[in-house]
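To start, the structure itself, in structure tokens.
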Protein chains: 2
Amino acid sequence: MARAGVTAERLTRAAAELADEIGFENVTVSALARGFGVKDASLYSHIRNVRELRTRVAALALTELADQVADALAGRAGKDALVAFANAYRDYAKGHPGRYAATRYELDGESADPVAARRHAELTRALLRGYALSEPDQTDAVRLLHSTFHGYVSLERAGGFRHTSRGADVSWARALDALDAVLRNWPSARA
Amino acid sequence: MARAGVTAERLTRAAAELADEIGFENVTVSALARGFGVKDASLYSHIRNVRELRTRVAALALTELADQVADALAGRAGKDALVAFANAYRDYAKGHPGRYAATRYELDGESADPVAARRHAELTRALLRGYALSEPDQTDAVRLLHSTFHGYVSLERAGGFRHTSRGADVSWARALDALDAVLRNWPSARA
DNA sequence: AACCCTTCCTAGGGCCCCTAGGCAAATGGT
DNA sequence: ACCATTTGCCTAGGGGCCCTAGGAAGGGTT
């Protein structure tokens with residue numbers, strides 16, 4: 001019986017592709033083994049368990065997403081940067097739904113990758129450099145941006161915007177206009 | 001053998017409670033059957049399959065959430081209404097994590113409950129009455145609000161805000177300030 | 001050629017979803 | 001009160017998935 005040449009890395013990449021096709025939560029050790037023409041049990045020489053597999057996919061996706069965003073952000077500032085960041089984020093989520101779902105997998109788990117999380121925070125802070133925000137406000141703004149981005153793509157993907165005829169792209173552009181306005185005129189202390 | 005008195009409604013309520021305890025995705029026919037002291041197969045006289053069970057929980061949760069929001073919204077307008085709406089939403093999500101997760105279950109499915117969806121849209125539009133927004137803008141605003149609310153509670157629950165010392169409640173209040181500002185001064189057509 | 005490590009196998013246990021077919025408890029008509 | 005029908009729950013069983021244990025064959029090392 002010739003060896004199939006399975007490695008943790010190949011498994012992870014295959015799992016990521018599978019996730020985009022059938023959904024992250026449907027990525028299974030069995031399905032993966034089938035894809036490699038191998039029995040389920042064989043994969044356990046390479047990965048500890050499904051959880052580890054999913055975590056690896058999550059790490060891969062977080063890195064890819066950060067790369068995309070960093071790329072889009074390069075050389076831009078202000079609203080230009082905001083739009084580039086947001087579109088890179090949304091495009092990744094739309095182009096890789098399974099991987100994107102993976103990025104939200106078990107952040108609270110013991111093995112959460114702090115590097116990826118930090119990198120995303122850095123990127124968002126870089127985006128904010130175009131707006132004059134000092135510290136507690138900056139964190140608040142990061143949270144607001146991330147929430148809005150994640151919420152939007154998440155609802156859009158789930159079909160939450162298909163009830164109305166209004167195009168999802170237009171509303172997205174408006175949301176970015178709104179966020180830009182808010183960042184330019186951040187409601188600092190209290191009114 | 002005395003009958004256990006299982007009904008679809010009791011199953012749904014039990015599933016909802018179970019979801020809040022162990023997570024929506026871990027709600028299983030077997031676990032539910034155990035809870036009723038009954039064999040798995042017995043439940044299939046009451047529900048078609050797991051999918052139907054989950055859909056029922058989703059419908060229950062959507063109704064409950066709408067009730068909470070409607071209650072909070074009563075007699076309020078403007079920012080007052082915005083804050084009341086938002087807090088009712090977030091409180092429900094925090095108090096009933098499993099049920100809240102259910103509300104995002106398979107909106108694109110064939111059997112999505114259009115009544116619940118419509119009711120939520122109505123409520124958001126009621127909230128917007130305090131701000132002067134005409135039609136395409138209103139839809140955009142509804143989407144922005146929903147995205148931000150959902151994104152925030154979703155990230156907060158996943159532990160995304162625990163890396164920083166800044167309290168999640170404060171950032172939330174700031175986000176609401178920002179949304180209020182945006183709604184009061186909506187960036188209408190184009191800049 | 002003998003050795004070892006790694007990769008893959010078979011066997012098997014556990015949990016879950018779901019169907020088929022049967023018996024017994026409730027229900028309702030006479 | 002009695003019987004027929006409906007309904008609730010059962011056992012049996014198939015399929016899928018996760019994972020462990022223990023064995024055998026690939027491939028490199030000496």
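Identifiers in the structure tokens: chain A, B, ... in order shown; residue index from 1 per chain; ligand index from 1 in order shown.
Residues within 12 Å of DT29 of chain D, counting only C-alpha atoms (C1' of nucleotides) and excluding same-chain residues fewer than 4 positions away, are DA1, DA2, DC3, DC4 and DC5 of chain C.
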Would you save the residues of that selection, restricted to N, CA and C atoms (P, O5', C5', C4', C3', O3' and C1' of nucleotides), as a PDB file, in the first residue's frame?
```pdb
ATOM      1  P    DA C   1      19.846  -9.168   1.510  1.00  0.00           P
ATOM      2  O5'  DA C   1      20.147  -9.074   3.069  1.00  0.00           O
ATOM      3  C5'  DA C   1      21.143  -9.893   3.654  1.00  0.00           C
ATOM      4  C4'  DA C   1      21.248  -9.515   5.092  1.00  0.00           C
ATOM      5  C3'  DA C   1      19.938  -9.638   5.870  1.00  0.00           C
ATOM      6  O3'  DA C   1      20.265 -10.033   7.194  1.00  0.00           O
ATOM      7  C1'  DA C   1      20.622  -7.380   5.839  1.00  0.00           C
ATOM      8  P    DA C   2      19.116 -10.450   8.175  1.00  0.00           P
ATOM      9  O5'  DA C   2      19.206  -9.239   9.209  1.00  0.00           O
ATOM     10  C5'  DA C   2      20.419  -9.020   9.922  1.00  0.00           C
ATOM     11  C4'  DA C   2      20.257  -7.799  10.804  1.00  0.00           C
ATOM     12  C3'  DA C   2      18.982  -7.796  11.659  1.00  0.00           C
ATOM     13  O3'  DA C   2      19.311  -7.302  12.948  1.00  0.00           O
ATOM     14  C1'  DA C   2      19.011  -5.894  10.255  1.00  0.00           C
ATOM     15  P    DC C   3      18.180  -7.021  14.017  1.00  0.00           P
ATOM     16  O5'  DC C   3      17.922  -5.453  13.875  1.00  0.00           O
ATOM     17  C5'  DC C   3      19.012  -4.555  14.019  1.00  0.00           C
ATOM     18  C4'  DC C   3      18.492  -3.124  13.954  1.00  0.00           C
ATOM     19  C3'  DC C   3      17.180  -2.927  14.729  1.00  0.00           C
ATOM     20  O3'  DC C   3      17.385  -1.942  15.733  1.00  0.00           O
ATOM     21  C1'  DC C   3      17.042  -1.995  12.525  1.00  0.00           C
ATOM     22  P    DC C   4      16.259  -1.673  16.826  1.00  0.00           P
ATOM     23  O5'  DC C   4      15.649  -0.293  16.311  1.00  0.00           O
ATOM     24  C5'  DC C   4      16.531   0.701  15.774  1.00  0.00           C
ATOM     25  C4'  DC C   4      15.725   1.798  15.101  1.00  0.00           C
ATOM     26  C3'  DC C   4      14.417   2.158  15.819  1.00  0.00           C
ATOM     27  O3'  DC C   4      14.334   3.567  15.905  1.00  0.00           O
ATOM     28  C1'  DC C   4      13.996   1.665  13.539  1.00  0.00           C
ATOM     29  P    DC C   5      13.457   4.227  17.034  1.00  0.00           P
ATOM     30  O5'  DC C   5      12.638   5.268  16.143  1.00  0.00           O
ATOM     31  C5'  DC C   5      13.335   5.997  15.130  1.00  0.00           C
ATOM     32  C4'  DC C   5      12.371   6.360  14.003  1.00  0.00           C
ATOM     33  C3'  DC C   5      11.012   6.860  14.495  1.00  0.00           C
ATOM     34  O3'  DC C   5      10.751   8.077  13.817  1.00  0.00           O
ATOM     35  C1'  DC C   5      10.728   5.167  12.868  1.00  0.00           C
TER      36       DC C   5
END
```
message = At a cut-off of 12 Å, which residues of chain A touch chain D? Count only C-alpha atoms (C1' of nucleotides) and give the answer as a count of residues only.
response = 24
Interface rows for chain C against chain B: nearest pair, Å to one decimal, 9 Å, only C-alpha atoms (C1' of nucleotides), as CSV:
```
residue,atom,partner,partner_atom,distance
C:DC15,C1',B:Ser30,CA,8.8
C:DC16,C1',B:Ser30,CA,7.0
C:DC17,C1',B:Val50,CA,7.9
C:DC18,C1',B:Ala41,CA,7.8
C:DA24,C1',B:Met1,CA,8.1
C:DA25,C1',B:Arg3,CA,7.7
```
Write a file of the just-selected residues containing C-alpha atoms (C1' of nucleotides), as an mmCIF file, in the first residue's frame.
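Saved as again_16.cif:
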```cif
data_model
loop_
_atom_site.group_PDB
_atom_site.id
_atom_site.type_symbol
_atom_site.label_atom_id
_atom_site.label_comp_id
_atom_site.auth_asym_id
_atom_site.auth_seq_id
_atom_site.Cartn_x
_atom_site.Cartn_y
_atom_site.Cartn_z
ATOM 1 C "C1'" DC C 15 -22.125 9.030 20.665
ATOM 2 C "C1'" DC C 16 -25.362 10.736 17.405
ATOM 3 C "C1'" DC C 17 -29.250 10.740 13.620
ATOM 4 C "C1'" DC C 18 -32.940 8.367 11.858
ATOM 5 C "C1'" DA C 24 -49.420 -0.583 25.169
ATOM 6 C "C1'" DA C 25 -51.664 3.513 26.931
#
```
Hey, list the chain A side of the contact with chain B: 6 Å cut-off, only C-alpha atoms, answer as a compact mmCIF listing (two decimals) with C-alpha atoms, in the first residue's frame.
```txt
# COMPACT_ATOMS: atom_id res chain seq x y z
CA LEU A 107 -11.19 32.45 20.54
CA ASP A 108 -11.71 31.70 24.18
CA ASP A 140 -13.47 51.66 21.51
CA LEU A 144 -16.81 49.32 16.85
CA SER A 147 -18.09 44.60 15.26
CA THR A 148 -19.60 46.35 12.29
CA HIS A 150 -18.03 41.15 11.29
CA GLY A 151 -21.70 41.77 11.87
CA TYR A 152 -22.28 42.94 8.34
CA ALA A 158 -26.70 34.37 6.35
CA GLY A 159 -29.04 36.00 3.86
CA SER A 171 -25.67 49.66 2.15
CA ALA A 175 -22.02 52.02 6.42
```
Just list as a ChimeraX atom specification whatever in segment 5-146 of chain A DSSP marks as alpha helix (DSSP H). /A:8-22,29-36,50-73,78-95,97-103,114-128,135-146
Next, the residues of the selection above should be written as a short mmCIF file (atom, residue, chain, number, x, y, z; two decimals), in the first residue's frame with C-alpha atoms.
```cif
data_model
loop_
_atom_site.label_atom_id
_atom_site.label_comp_id
_atom_site.auth_asym_id
_atom_site.auth_seq_id
_atom_site.Cartn_x
_atom_site.Cartn_y
_atom_site.Cartn_z
CA ALA A 8 -0.46 18.28 8.99
CA GLU A 9 0.06 21.16 6.57
CA ARG A 10 -1.59 19.42 3.65
CA LEU A 11 -4.43 18.38 5.91
CA THR A 12 -4.90 21.95 7.04
CA ARG A 13 -4.95 23.33 3.53
CA ALA A 14 -7.34 20.62 2.35
CA ALA A 15 -9.56 21.29 5.35
CA ALA A 16 -9.61 25.00 4.53
CA GLU A 17 -10.64 24.32 0.95
CA LEU A 18 -13.25 21.86 2.10
CA ALA A 19 -14.56 24.42 4.55
CA ASP A 20 -15.10 26.92 1.75
CA GLU A 21 -17.01 24.31 -0.21
CA ILE A 22 -19.19 22.63 2.39
CA VAL A 29 -11.97 13.94 9.80
CA SER A 30 -13.78 11.29 7.78
CA ALA A 31 -14.42 13.56 4.82
CA LEU A 32 -10.84 14.69 4.88
CA ALA A 33 -9.57 11.10 5.02
CA ARG A 34 -11.79 10.23 2.06
CA GLY A 35 -10.26 13.06 0.13
CA PHE A 36 -6.80 11.64 0.72
CA VAL A 50 -10.71 17.45 15.16
CA ARG A 51 -10.32 20.37 17.46
CA GLU A 52 -6.68 20.76 16.55
CA LEU A 53 -7.56 20.50 12.89
CA ARG A 54 -10.11 23.27 13.17
CA THR A 55 -7.74 25.41 15.19
CA ARG A 56 -5.11 25.04 12.48
CA VAL A 57 -7.59 26.13 9.84
CA ALA A 58 -8.52 29.10 12.01
CA ALA A 59 -4.87 30.11 12.31
CA LEU A 60 -4.39 29.77 8.58
CA ALA A 61 -7.43 31.88 7.84
CA LEU A 62 -6.48 34.57 10.35
CA THR A 63 -3.06 34.87 8.73
CA GLU A 64 -4.47 35.00 5.22
CA LEU A 65 -7.01 37.61 6.23
CA ALA A 66 -4.36 39.73 7.91
CA ASP A 67 -2.21 39.46 4.79
CA GLN A 68 -5.05 40.62 2.57
CA VAL A 69 -5.84 43.52 4.83
CA ALA A 70 -2.20 44.56 5.22
CA ASP A 71 -1.84 44.50 1.47
CA ALA A 72 -4.91 46.63 0.91
CA LEU A 73 -3.87 49.07 3.60
CA GLY A 78 -7.88 58.23 6.21
CA LYS A 79 -11.10 57.16 4.60
CA ASP A 80 -9.17 55.62 1.76
CA ALA A 81 -7.57 53.26 4.26
CA LEU A 82 -10.87 52.58 5.98
CA VAL A 83 -12.54 51.58 2.72
CA ALA A 84 -9.59 49.47 1.63
CA PHE A 85 -9.47 47.68 4.97
CA ALA A 86 -13.18 47.08 5.05
CA ASN A 87 -13.37 45.82 1.49
CA ALA A 88 -10.43 43.50 1.94
CA TYR A 89 -12.13 42.12 5.02
CA ARG A 90 -15.47 41.66 3.33
CA ASP A 91 -13.98 40.25 0.14
CA TYR A 92 -12.08 37.66 2.08
CA ALA A 93 -15.21 36.66 3.95
CA LYS A 94 -17.21 36.39 0.74
CA GLY A 95 -14.50 34.61 -1.20
CA PRO A 97 -16.78 31.67 3.67
CA GLY A 98 -15.53 28.50 5.34
CA ARG A 99 -12.18 29.98 6.23
CA TYR A 100 -13.87 33.15 7.45
CA ALA A 101 -16.15 31.12 9.70
CA ALA A 102 -13.01 29.46 11.02
CA THR A 103 -11.63 32.80 12.16
CA PRO A 114 -2.21 35.45 20.37
CA VAL A 115 0.05 36.39 17.47
CA ALA A 116 -2.76 36.52 14.95
CA ALA A 117 -5.03 38.42 17.31
CA ARG A 118 -2.31 40.97 18.00
CA ARG A 119 -1.61 41.39 14.31
CA HIS A 120 -5.24 42.15 13.58
CA ALA A 121 -5.34 44.70 16.36
CA GLU A 122 -2.16 46.30 14.98
CA LEU A 123 -3.68 46.58 11.54
CA THR A 124 -6.81 48.20 12.83
CA ARG A 125 -4.74 50.65 14.83
CA ALA A 126 -2.72 51.42 11.71
CA LEU A 127 -5.96 52.24 9.95
CA LEU A 128 -6.91 54.56 12.78
CA GLU A 135 -6.16 55.77 23.84
CA PRO A 136 -9.33 54.72 25.42
CA ASP A 137 -11.15 56.00 22.35
CA GLN A 138 -8.90 54.04 20.05
CA THR A 139 -9.81 50.74 21.65
CA ASP A 140 -13.47 51.66 21.51
CA ALA A 141 -13.15 52.52 17.84
CA VAL A 142 -11.35 49.27 17.05
CA ARG A 143 -14.16 47.35 18.69
CA LEU A 144 -16.81 49.32 16.85
CA LEU A 145 -15.14 48.77 13.49
CA HIS A 146 -14.56 45.10 14.01
#
```
